[in-house]
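Working notes, beginning with the structure itself.
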Amino acid sequence: MNGSQRFEAACRQFEDSQRKEQAAMGLMDHDPEQDASSTNTPVPDEWPVLDQAALYGLAGEMVKLIEPHTEADPIALLVSCLAEVGTMLNRAPHLILDGSYHPLIFWPVLVGQTSKSRKGTAGKRINTVLSLADDSWTRGEYRGTLSSGEGLAFAVRDAQYKEEPIKEKGRLIGETVTICLDPGVEDKRLFLVQTEFGAVLRVMAREGNSLSGVLRDAWDGLSLAPMTKANRIRATDPHIGIVGHVTRDELLRNLTDTECSNGFGNRFVWFVVRRSKELPFPSVPDETVLRTLAEELGRVIRRGRTIGALGLSPSARDGWKAIYHDLSADRPGLAGALLARGEAHVMRLSALYAVLDGQTDINLVHLEAASALWQYAEASSRLIFGDSTGDPVADAILRAVRTSGEVSDSQVSDLFSRNVSGHRLERAKTILATAGLIHWDTIKTDGRSRKVWRPGTKKTN
């Protein structure tokens with residue numbers, strides 16, 4: 001196959017991908033069953049390996065106790081546990097990072113095959129233990145798929161009151177009485193398992209939908225007050241935990257470049273999961289051991305609710321200095337954008353491990369556990385998103401260059417039927433070149449020299 005034929009193949013591949021994206025958005029007829037079964041999962045030897053340091057403390061004990069009895073992935077058990085415990089703790093234990101309040105909420109998204117990765121099984125197993133640890137824990141009053149910022153705020157809304165003037169014998173006497181219009185929600189903790197996280201992403205893409213902004217405020221621990229004319233709902237000091245479930249195909253179709261760049265996507269942490277084993281007859285752990293662990297969890301959670309701001313021990317401070325540069329470094333591409341809050345995520349996770357250890361300060365072992373879990377998240381993000389830039393034009397150019405091996409500037413324009421502006425194309429090529437994904441070479445001819453794009457970085461002699 002010569003260069004021209006390879007380029008034509010790249011164009012066909014791009015057109016095919018465009019048709020699939022249009023079908024996913026309902027612009028073309030498609031088979032939903034085929035979409036659901038298309039997993040495009042990574043090959044097994046690329047799968048991340050969890051550093052056992054992440055299985056520290058009570059969270060690790062819970063995973064080790066449950067794992068032999070279920071097909072759920074240990075990483076799904078671990079992150080489901082940390083996310084739910086963080087919500088149960090409420091707002092008292094917290095961090096102050098660069099002057100900002102950080103609640104100990106942690107939002108993982110489990111990325112795996114539909115039904116086969118046992119994403120839901122993990123959460124159910126964890127909730128069984130945590131319900132024993134605190135029999136008053138209900139996960140909050142509301143369920144269902146997130147659909148709007150107003151709906152989320154309503155689920156943890158403040159009470160609403162109205163001042164009514166008092167009348168005597170039909171005449172105002174200049175005094176008022178306070179009337180409760182809505183008692184609101186007293187417990188502002190809400191734990192949401194979003195088994196259709198792809199649907200959440202699709203909802204947010206609708207024009208005027210407020211969910212993205214409200215979720216960002218919720219992760220930051222801010223009061224929620226969606227700006228609508230008809231309804232003045234306010235939710236003071238919410239404490240909302242979320243675990244998402246999604247397939248890789250759904251995620252790549254529905255996570256827009258806007259949500260990647262506006263800070264929504266990097267408030268979540270992405271984990272690839274799969275079925276850990278074939279277990280035709282799942283079982284339950286020994287009841288005595290299970291209840292003993294649940295009682296210990298109950299004690300540390302109750303104690304954790306009395307803790308204020310957590311600090312760092314001297315050894316943890318040294319450890320934090322050692323990893324801070326890498327955590328805060330800029331990374332190229334879509335995966336880099338979604339890992340951009342690594343510092344905040346690692347500190348929140350470290351604090352959760354510390355509280356589960358009954359400590360008021362983060363020690364080095366807690367930081368090491370959080371770092372081990374974050375390394376799995378980093379590897380997951382690279383596996384899920386690969387070299388995708390989050391820019392659809394740049395990603396199309398990259399596919400064409402890799403398929404053809406060599407693409408001229410003119411052929412890049414042809415790839416989009418010359419419907420993309422030169423400025424837009426130059427920006428896309430700059431993104432790819434800066435990330436080291438493509439480079440340009442000059443081809444000398446009898447006439448005018450020709451500029452071509454090739455994969456990877458330029459080789460130097």
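The way I read the labels, and the way they are meant: chains A, B, ... in the order of the structure tokens, residue 1 as the first residue of every chain, and ligand 1 as the first ligand shown, with later ones counted on from there.
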10 Å contact set for Val273 (chain A), only C-alpha atoms, chain neighbours under 2 positions out, as a ChimeraX atom specification: /A:47-48,72-76,109-113,116-119,245,247,270-271,275-276,380
Residues at most 10 Å from Asp326 (chain A), counting only C-alpha atoms, excluding those fewer than 5 positions away in the same chain, as number ranges by chain? A: 321, 331, 342-343
Put those residues in a file: N, CA and C atoms, as a PDB file, in the first residue's frame.
```
ATOM      1  N   LYS A 321       6.740  16.558  49.736  1.00  0.00           N
ATOM      2  CA  LYS A 321       7.697  17.330  48.931  1.00  0.00           C
ATOM      3  C   LYS A 321       8.286  16.476  47.811  1.00  0.00           C
ATOM      4  N   ARG A 331       0.538  17.629  32.035  1.00  0.00           N
ATOM      5  CA  ARG A 331       0.601  16.440  31.187  1.00  0.00           C
ATOM      6  C   ARG A 331      -0.170  16.718  29.912  1.00  0.00           C
ATOM      7  N   GLY A 342      -4.358  16.042  40.555  1.00  0.00           N
ATOM      8  CA  GLY A 342      -3.709  14.964  41.290  1.00  0.00           C
ATOM      9  C   GLY A 342      -3.346  15.332  42.705  1.00  0.00           C
ATOM     10  N   GLU A 343      -2.860  16.552  42.933  1.00  0.00           N
ATOM     11  CA  GLU A 343      -2.458  16.962  44.286  1.00  0.00           C
ATOM     12  C   GLU A 343      -3.636  16.897  45.255  1.00  0.00           C
TER      13      GLU A 343
END
```
Could you list, as a list in words, every residue within 7 Å of Asp441 (chain A), counting only C-alpha atoms and ignoring same-chain residues fewer than 4 positions away? Lys451, Val452 and Trp453 of chain A
Just the selected residues (N, CA and C atoms), exported as a compact mmCIF listing (two decimals), in the first residue's frame, please.
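The result, stored in result-v1.txt:
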```txt
# COMPACT_ATOMS: atom_id res chain seq x y z
N LYS A 451 5.89 20.17 2.77
CA LYS A 451 5.89 19.91 4.21
C LYS A 451 4.96 18.73 4.49
N VAL A 452 5.49 17.73 5.21
CA VAL A 452 4.67 16.56 5.55
C VAL A 452 4.74 16.31 7.05
N TRP A 453 3.69 15.67 7.55
CA TRP A 453 3.59 15.33 8.97
C TRP A 453 3.76 13.83 9.14
```
Taking the DSSP assignment computed from this structure's backbone, write out as number ranges by chain all residues of region 19-207 of chain A that belong to alpha helix (DSSP H). A: 19-24, 32-37, 57-66, 74-89, 119-133, 149-155, 197-204
Atoms kept (C-alpha atoms) for selection, written as a PDB file, in the first residue's frame:
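selection01.pdb written:
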```pdb
ATOM      1  CA  ARG A  19     -20.697   7.981  11.390  1.00  0.00           C
ATOM      2  CA  LYS A  20     -20.360   6.055  14.666  1.00  0.00           C
ATOM      3  CA  GLU A  21     -20.289   9.292  16.676  1.00  0.00           C
ATOM      4  CA  GLN A  22     -23.376  10.557  14.815  1.00  0.00           C
ATOM      5  CA  ALA A  23     -25.167   7.284  15.477  1.00  0.00           C
ATOM      6  CA  ALA A  24     -24.284   7.522  19.169  1.00  0.00           C
ATOM      7  CA  PRO A  32     -28.405   0.133  20.746  1.00  0.00           C
ATOM      8  CA  GLU A  33     -27.607  -3.487  21.552  1.00  0.00           C
ATOM      9  CA  GLN A  34     -24.546  -3.334  19.327  1.00  0.00           C
ATOM     10  CA  ASP A  35     -23.434  -0.117  21.026  1.00  0.00           C
ATOM     11  CA  ALA A  36     -23.849  -1.644  24.488  1.00  0.00           C
ATOM     12  CA  SER A  37     -21.856  -4.741  23.620  1.00  0.00           C
ATOM     13  CA  GLY A  57      -5.790  -0.093  57.048  1.00  0.00           C
ATOM     14  CA  LEU A  58      -9.476  -0.821  57.472  1.00  0.00           C
ATOM     15  CA  ALA A  59     -10.302  -0.170  53.824  1.00  0.00           C
ATOM     16  CA  GLY A  60      -7.722  -2.753  52.816  1.00  0.00           C
ATOM     17  CA  GLU A  61      -9.005  -5.194  55.436  1.00  0.00           C
ATOM     18  CA  MET A  62     -12.501  -4.867  54.028  1.00  0.00           C
ATOM     19  CA  VAL A  63     -11.274  -5.588  50.502  1.00  0.00           C
ATOM     20  CA  LYS A  64      -9.242  -8.602  51.630  1.00  0.00           C
ATOM     21  CA  LEU A  65     -12.204  -9.973  53.576  1.00  0.00           C
ATOM     22  CA  ILE A  66     -14.731  -9.614  50.737  1.00  0.00           C
ATOM     23  CA  PRO A  74     -10.569  -5.464  44.266  1.00  0.00           C
ATOM     24  CA  ILE A  75     -10.004  -1.918  42.969  1.00  0.00           C
ATOM     25  CA  ALA A  76     -13.772  -1.468  42.635  1.00  0.00           C
ATOM     26  CA  LEU A  77     -14.243  -2.668  46.213  1.00  0.00           C
ATOM     27  CA  LEU A  78     -11.518  -0.334  47.487  1.00  0.00           C
ATOM     28  CA  VAL A  79     -12.615   2.867  45.795  1.00  0.00           C
ATOM     29  CA  SER A  80     -16.296   2.192  46.529  1.00  0.00           C
ATOM     30  CA  CYS A  81     -15.376   1.833  50.199  1.00  0.00           C
ATOM     31  CA  LEU A  82     -13.334   5.045  50.326  1.00  0.00           C
ATOM     32  CA  ALA A  83     -16.003   7.017  48.464  1.00  0.00           C
ATOM     33  CA  GLU A  84     -18.840   5.898  50.738  1.00  0.00           C
ATOM     34  CA  VAL A  85     -16.861   6.306  53.966  1.00  0.00           C
ATOM     35  CA  GLY A  86     -15.891   9.815  52.891  1.00  0.00           C
ATOM     36  CA  THR A  87     -19.584  10.659  52.502  1.00  0.00           C
ATOM     37  CA  MET A  88     -20.554   9.042  55.806  1.00  0.00           C
ATOM     38  CA  LEU A  89     -17.976  11.132  57.678  1.00  0.00           C
ATOM     39  CA  LYS A 119     -19.203  -2.731  38.915  1.00  0.00           C
ATOM     40  CA  GLY A 120     -22.503  -2.778  40.796  1.00  0.00           C
ATOM     41  CA  THR A 121     -21.596  -5.872  42.779  1.00  0.00           C
ATOM     42  CA  ALA A 122     -18.674  -4.061  44.401  1.00  0.00           C
ATOM     43  CA  GLY A 123     -20.826  -1.225  45.739  1.00  0.00           C
ATOM     44  CA  LYS A 124     -23.480  -3.568  47.092  1.00  0.00           C
ATOM     45  CA  ARG A 125     -20.884  -5.631  48.955  1.00  0.00           C
ATOM     46  CA  ILE A 126     -19.351  -2.524  50.507  1.00  0.00           C
ATOM     47  CA  ASN A 127     -22.710  -1.050  51.491  1.00  0.00           C
ATOM     48  CA  THR A 128     -23.630  -4.265  53.305  1.00  0.00           C
ATOM     49  CA  VAL A 129     -20.641  -3.820  55.626  1.00  0.00           C
ATOM     50  CA  LEU A 130     -21.075  -0.075  56.083  1.00  0.00           C
ATOM     51  CA  SER A 131     -24.755  -0.509  56.935  1.00  0.00           C
ATOM     52  CA  LEU A 132     -23.648  -2.792  59.761  1.00  0.00           C
ATOM     53  CA  ALA A 133     -21.099  -0.171  60.833  1.00  0.00           C
ATOM     54  CA  GLY A 149     -28.263  21.097  38.954  1.00  0.00           C
ATOM     55  CA  GLU A 150     -31.606  22.147  40.410  1.00  0.00           C
ATOM     56  CA  GLY A 151     -32.521  18.520  41.071  1.00  0.00           C
ATOM     57  CA  LEU A 152     -29.243  17.863  42.878  1.00  0.00           C
ATOM     58  CA  ALA A 153     -29.599  20.980  45.018  1.00  0.00           C
ATOM     59  CA  PHE A 154     -33.208  20.026  45.824  1.00  0.00           C
ATOM     60  CA  ALA A 155     -32.027  16.665  47.180  1.00  0.00           C
ATOM     61  CA  PHE A 197     -22.861   7.674  34.097  1.00  0.00           C
ATOM     62  CA  GLY A 198     -22.897   7.915  30.310  1.00  0.00           C
ATOM     63  CA  ALA A 199     -26.459   9.231  30.573  1.00  0.00           C
ATOM     64  CA  VAL A 200     -25.276  11.867  33.053  1.00  0.00           C
ATOM     65  CA  LEU A 201     -22.659  13.033  30.551  1.00  0.00           C
ATOM     66  CA  ARG A 202     -25.253  13.198  27.771  1.00  0.00           C
ATOM     67  CA  VAL A 203     -27.598  15.257  29.922  1.00  0.00           C
ATOM     68  CA  MET A 204     -24.873  17.791  30.657  1.00  0.00           C
TER      69      MET A 204
END
```
Which residue, A:Ser212, A:Thr176, A:Ser421, A:Ser381, has the smallest gap to Leu251 (chain A) when you use only C-alpha atoms? A:Ser381
Could you work out how far CA of Arg143 (chain A) lies from CA of Gly304 (chain A), giving the answer in Å with one decimal?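 Answer for the CA of Gly304 (chain A) to CA of Arg143 (chain A) separation: 26.1 Å.
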For Arg382 (chain A), which residue out of A:Gly213, A:Gly422, A:Pro332, A:Gly405 is the nearest one, using only C-alpha atoms?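 Among the listed residues, A:Pro332 lies closest to Arg382 (chain A).
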What are the closest atom pairs, with distances in Å to one decimal, for all residues of region 139-245 of chain A lying within 8 Å of region 95-104 of chain A? Consider only C-alpha atoms, order rows by chain and residue number, and present the result as a tab-separated table.
```
residue	atom	partner	partner_atom	distance
A:Trp219	CA	A:Pro103	CA	7.9
A:Asp220	CA	A:His102	CA	6.4
A:Gly221	CA	A:Pro103	CA	6.1
A:His239	CA	A:Pro103	CA	7.8
```
From the set A:Ile323, A:Ala92, A:Ala351, A:Ala205, which residue has the shortest atom-to-atom contact distance to Arg305 (chain A), counting only C-alpha atoms?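 With only C-alpha atoms as the atom set, the closest residue is A:Ala92.
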As a list in words, list the residues of region 227-277 of chain A assigned to strand (DSSP E or B) by DSSP on the backbone atoms of this structure.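 Put together, the selection reads Ala235, His239, Ile240, Gly241, Ile242, Val243, Gly244, His245, Val246, Val269, Trp270, Phe271 and Val272 of chain A.
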Take the selection from the previous step and output its residues with C-alpha atoms, as a PDB file, in the first residue's frame.
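Once everything was written out, this is result_34.pdb:
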```
ATOM      1  CA  ALA A 235     -28.380  23.965  49.725  1.00  0.00           C
ATOM      2  CA  HIS A 239     -21.743  16.737  51.408  1.00  0.00           C
ATOM      3  CA  ILE A 240     -22.280  14.678  48.283  1.00  0.00           C
ATOM      4  CA  GLY A 241     -20.486  11.485  47.330  1.00  0.00           C
ATOM      5  CA  ILE A 242     -20.670   9.948  43.865  1.00  0.00           C
ATOM      6  CA  VAL A 243     -19.552   6.681  42.300  1.00  0.00           C
ATOM      7  CA  GLY A 244     -20.026   6.388  38.544  1.00  0.00           C
ATOM      8  CA  HIS A 245     -20.261   3.279  36.342  1.00  0.00           C
ATOM      9  CA  VAL A 246     -19.605   3.519  32.609  1.00  0.00           C
ATOM     10  CA  VAL A 269     -11.009   9.837  39.247  1.00  0.00           C
ATOM     11  CA  TRP A 270     -11.142   7.154  36.554  1.00  0.00           C
ATOM     12  CA  PHE A 271     -10.452   3.475  37.266  1.00  0.00           C
ATOM     13  CA  VAL A 272     -10.517   0.541  34.843  1.00  0.00           C
TER      14      VAL A 272
END
```
Close residues, Lys188 (chain A) itself excluded, 8 Å, only C-alpha atoms, min 4 positions apart in chain, as a list in words: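 In the requested format, the answer is Gly140, Val156, Arg157, Asp237, Pro238, His239 and Ile240 of chain A.
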Counting only C-alpha atoms, figure out which residue out of A:Pro392, A:Asp446, A:Lys458, A:Glu406 gets nearest to Ile431 (chain A).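 Going through A:Pro392, A:Asp446, A:Lys458, A:Glu406 one by one, the smallest distance to Ile431 (chain A) is for A:Pro392.
Closest approach to Ile397 (chain A) from the set A:Arg450, A:Arg139, A:Lys429, A:Arg424 is made by A:Lys429, with distances taken over only C-alpha atoms.
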